[in-house]
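Notes follow the structure.
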Amino acid sequence: MINIAKNVGTMMIALGMLFSALNANAHTGATGVVKQRMDAMSGMADAMKSMASVVKGKKAFDPAVFIDNGEVILWHSETLTTLFPEKSIQGDSEALPAIWQNWDDFVKINERTNSDAKKLVEMAQQGSKLRPLTKQFVKLSGGCKTCHKGYRKKK
């Protein structure tokens, strides 16, 4: 039963990535590593939006939403920094030069995002109720906001 659950979770992550990759309209001018990271960020954003809909009461509470979407965040955050080779801001990149000027801070925020997502997934797997999951979700979203504030162009 555990293997089936892991396979379903892996399949859901793969489908989420596929749907994010199909979101060509948002990143039509991006190519190469810039497009890869934009797609990764879109996947993470979609995962956060899905969890937010539960937190805001727009969707019924289901721990699987936090498990599946938390795993998407985990998966992307494992390799995210590799998608930011030095000065890769050509084309439609939304990255600011501050990333490479403050690389250690950027890496630290990503590591915190990864650990916050891991804790969220573990809590949901252990049967945590909505309130504690909401608190952990808010903590996770704080890392997203911190990174976007300092390292992403304003829209």
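In the structure tokens, chains take the letters A, B, ... in the order shown, each chain's residues start at 1, and ligands count up from 1 in the order shown.
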- Task: Determine, counting only C-alpha atoms, which protein, DNA and RNA residues have an atom within 9 Å of an atom of Leu74 in chain A; residues of the same chain fewer than 5 positions away are not included. Present the result as a ChimeraX atom specification.
- Result: /A:69,113-118,121
- Query: Can you list every residue in chain A that DSSP puts in alpha helix (DSSP H), as a ChimeraX atom specification?
  - Reply: /A:2-21,32-55,63-79,98-101,103-125,130-151
- Item | Selected residue of minimal separation from Ser50 in chain A among A:Gly127, A:Asp104, A:Phe137, A:Ala95, counting only C-alpha atoms |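 Closest candidate: A:Phe137.
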Which neighbours of Arg112 in chain A fall inside 12 Å, counting only C-alpha atoms, when residues of the same chain fewer than 2 positions from it are skipped, and could you give them as an mmCIF file with C-alpha atoms, in the first residue's frame?
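Saved as around-v5.cif:
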```cif
data_model
loop_
_atom_site.group_PDB
_atom_site.id
_atom_site.type_symbol
_atom_site.label_atom_id
_atom_site.label_comp_id
_atom_site.auth_asym_id
_atom_site.auth_seq_id
_atom_site.Cartn_x
_atom_site.Cartn_y
_atom_site.Cartn_z
ATOM 1 C CA ILE A 73 7.799 22.286 -3.656
ATOM 2 C CA LEU A 74 10.309 19.816 -2.237
ATOM 3 C CA SER A 77 13.655 23.216 -4.270
ATOM 4 C CA GLU A 78 16.099 20.282 -4.374
ATOM 5 C CA ASP A 105 21.405 34.401 1.155
ATOM 6 C CA PHE A 106 19.570 33.145 -1.934
ATOM 7 C CA VAL A 107 20.751 29.584 -1.212
ATOM 8 C CA LYS A 108 19.778 29.925 2.455
ATOM 9 C CA ILE A 109 16.226 31.016 1.552
ATOM 10 C CA ASN A 110 15.918 28.048 -0.822
ATOM 11 C CA ASN A 114 12.938 23.034 1.259
ATOM 12 C CA SER A 115 12.936 22.288 5.000
ATOM 13 C CA ASP A 116 9.601 24.085 5.522
ATOM 14 C CA ALA A 117 8.036 22.083 2.669
ATOM 15 C CA LYS A 118 9.463 18.849 4.066
ATOM 16 C CA LYS A 119 7.984 19.571 7.482
ATOM 17 C CA LYS A 139 5.845 29.747 7.271
ATOM 18 C CA LEU A 140 6.559 28.170 3.881
ATOM 19 C CA SER A 141 4.924 31.045 2.014
ATOM 20 C CA GLY A 142 7.079 33.488 3.966
ATOM 21 C CA GLY A 143 10.153 32.071 2.271
ATOM 22 C CA CYS A 144 8.549 32.526 -1.127
ATOM 23 C CA THR A 146 11.228 36.861 1.010
ATOM 24 C CA CYS A 147 12.849 35.507 -2.119
#
```
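For the atom pair formed by CA of Ser53 in chain A and CA of Glu122 in chain A, the distance is 19.7 Å, given to one decimal.
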- Item | Residues near Leu96 in chain A, cut-off 12 Å, only C-alpha atoms, skip fewer than 4 positions along chain, as a ChimeraX atom specification | /A:84,86-90,92,100-103,106,147-154
With N, CA, C and O atoms retained, write the just-selected residues as a PDB file, in the first residue's frame.
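File written: part-v6.pdb
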```pdb
ATOM      1  N   PHE A  84      20.046  28.608 -11.710  1.00  0.00           N
ATOM      2  CA  PHE A  84      20.485  29.999 -11.670  1.00  0.00           C
ATOM      3  C   PHE A  84      21.994  30.098 -11.880  1.00  0.00           C
ATOM      4  O   PHE A  84      22.714  30.602 -11.018  1.00  0.00           O
ATOM      5  N   GLU A  86      25.409  31.655 -12.982  1.00  0.00           N
ATOM      6  CA  GLU A  86      25.771  33.057 -12.826  1.00  0.00           C
ATOM      7  C   GLU A  86      25.340  33.919 -14.011  1.00  0.00           C
ATOM      8  O   GLU A  86      25.580  33.575 -15.164  1.00  0.00           O
ATOM      9  N   LYS A  87      24.685  35.004 -13.687  1.00  0.00           N
ATOM     10  CA  LYS A  87      24.253  36.047 -14.629  1.00  0.00           C
ATOM     11  C   LYS A  87      23.303  35.554 -15.712  1.00  0.00           C
ATOM     12  O   LYS A  87      23.246  36.118 -16.790  1.00  0.00           O
ATOM     13  N   SER A  88      22.515  34.540 -15.413  1.00  0.00           N
ATOM     14  CA  SER A  88      21.561  34.036 -16.408  1.00  0.00           C
ATOM     15  C   SER A  88      20.263  34.842 -16.322  1.00  0.00           C
ATOM     16  O   SER A  88      19.247  34.377 -15.843  1.00  0.00           O
ATOM     17  N   ILE A  89      20.347  36.076 -16.812  1.00  0.00           N
ATOM     18  CA  ILE A  89      19.198  36.977 -16.747  1.00  0.00           C
ATOM     19  C   ILE A  89      18.791  37.465 -18.134  1.00  0.00           C
ATOM     20  O   ILE A  89      18.074  38.440 -18.264  1.00  0.00           O
ATOM     21  N   GLN A  90      19.217  36.765 -19.169  1.00  0.00           N
ATOM     22  CA  GLN A  90      18.891  37.164 -20.529  1.00  0.00           C
ATOM     23  C   GLN A  90      17.414  36.919 -20.827  1.00  0.00           C
ATOM     24  O   GLN A  90      16.738  36.190 -20.137  1.00  0.00           O
ATOM     25  N   ASP A  92      13.549  36.918 -21.141  1.00  0.00           N
ATOM     26  CA  ASP A  92      12.413  37.238 -20.281  1.00  0.00           C
ATOM     27  C   ASP A  92      12.639  36.921 -18.807  1.00  0.00           C
ATOM     28  O   ASP A  92      11.688  36.839 -18.048  1.00  0.00           O
ATOM     29  N   TRP A 100      22.978  36.838  -7.593  1.00  0.00           N
ATOM     30  CA  TRP A 100      24.381  36.452  -7.643  1.00  0.00           C
ATOM     31  C   TRP A 100      25.235  37.334  -6.739  1.00  0.00           C
ATOM     32  O   TRP A 100      26.291  36.892  -6.290  1.00  0.00           O
ATOM     33  N   GLN A 101      24.769  38.531  -6.450  1.00  0.00           N
ATOM     34  CA  GLN A 101      25.485  39.409  -5.516  1.00  0.00           C
ATOM     35  C   GLN A 101      25.314  38.933  -4.079  1.00  0.00           C
ATOM     36  O   GLN A 101      26.146  39.212  -3.228  1.00  0.00           O
ATOM     37  N   ASN A 102      24.205  38.243  -3.801  1.00  0.00           N
ATOM     38  CA  ASN A 102      23.894  37.745  -2.456  1.00  0.00           C
ATOM     39  C   ASN A 102      23.618  36.238  -2.512  1.00  0.00           C
ATOM     40  O   ASN A 102      22.637  35.759  -1.952  1.00  0.00           O
ATOM     41  N   TRP A 103      24.467  35.517  -3.218  1.00  0.00           N
ATOM     42  CA  TRP A 103      24.236  34.104  -3.492  1.00  0.00           C
ATOM     43  C   TRP A 103      23.987  33.295  -2.222  1.00  0.00           C
ATOM     44  O   TRP A 103      23.068  32.478  -2.170  1.00  0.00           O
ATOM     45  N   PHE A 106      20.494  33.786  -1.015  1.00  0.00           N
ATOM     46  CA  PHE A 106      19.570  33.145  -1.934  1.00  0.00           C
ATOM     47  C   PHE A 106      19.515  31.630  -1.666  1.00  0.00           C
ATOM     48  O   PHE A 106      18.438  31.043  -1.572  1.00  0.00           O
ATOM     49  N   CYS A 147      12.050  35.670  -0.902  1.00  0.00           N
ATOM     50  CA  CYS A 147      12.849  35.507  -2.119  1.00  0.00           C
ATOM     51  C   CYS A 147      12.335  36.420  -3.235  1.00  0.00           C
ATOM     52  O   CYS A 147      13.118  37.090  -3.899  1.00  0.00           O
ATOM     53  N   HIS A 148      11.040  36.462  -3.423  1.00  0.00           N
ATOM     54  CA  HIS A 148      10.478  37.306  -4.481  1.00  0.00           C
ATOM     55  C   HIS A 148      10.747  38.782  -4.222  1.00  0.00           C
ATOM     56  O   HIS A 148      11.021  39.540  -5.152  1.00  0.00           O
ATOM     57  N   LYS A 149      10.690  39.187  -2.975  1.00  0.00           N
ATOM     58  CA  LYS A 149      10.901  40.590  -2.633  1.00  0.00           C
ATOM     59  C   LYS A 149      12.315  41.052  -2.991  1.00  0.00           C
ATOM     60  O   LYS A 149      12.498  42.136  -3.524  1.00  0.00           O
ATOM     61  N   GLY A 150      13.286  40.217  -2.711  1.00  0.00           N
ATOM     62  CA  GLY A 150      14.671  40.637  -2.922  1.00  0.00           C
ATOM     63  C   GLY A 150      15.291  40.201  -4.228  1.00  0.00           C
ATOM     64  O   GLY A 150      16.289  40.795  -4.671  1.00  0.00           O
ATOM     65  N   TYR A 151      14.726  39.199  -4.873  1.00  0.00           N
ATOM     66  CA  TYR A 151      15.427  38.590  -5.997  1.00  0.00           C
ATOM     67  C   TYR A 151      14.604  38.426  -7.279  1.00  0.00           C
ATOM     68  O   TYR A 151      15.063  37.813  -8.220  1.00  0.00           O
ATOM     69  N   ARG A 152      13.418  38.990  -7.317  1.00  0.00           N
ATOM     70  CA  ARG A 152      12.575  38.883  -8.515  1.00  0.00           C
ATOM     71  C   ARG A 152      12.104  40.271  -8.943  1.00  0.00           C
ATOM     72  O   ARG A 152      11.718  41.100  -8.104  1.00  0.00           O
ATOM     73  N   LYS A 153      12.115  40.503 -10.261  1.00  0.00           N
ATOM     74  CA  LYS A 153      11.632  41.771 -10.781  1.00  0.00           C
ATOM     75  C   LYS A 153      10.168  41.948 -10.411  1.00  0.00           C
ATOM     76  O   LYS A 153       9.392  40.998 -10.434  1.00  0.00           O
ATOM     77  N   LYS A 154       9.799  43.154 -10.108  1.00  0.00           N
ATOM     78  CA  LYS A 154       8.399  43.452  -9.815  1.00  0.00           C
ATOM     79  C   LYS A 154       7.600  43.398 -11.110  1.00  0.00           C
ATOM     80  O   LYS A 154       8.064  43.808 -12.158  1.00  0.00           O
TER      81      LYS A 154
END
```
- Message: Using only C-alpha atoms, can you tell me which of A:His76, A:Thr81, A:Leu120, A:Val65 comes closest to Pro132 in chain A?
- Response: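 Smallest distance to Pro132 in chain A is found for A:Leu120.
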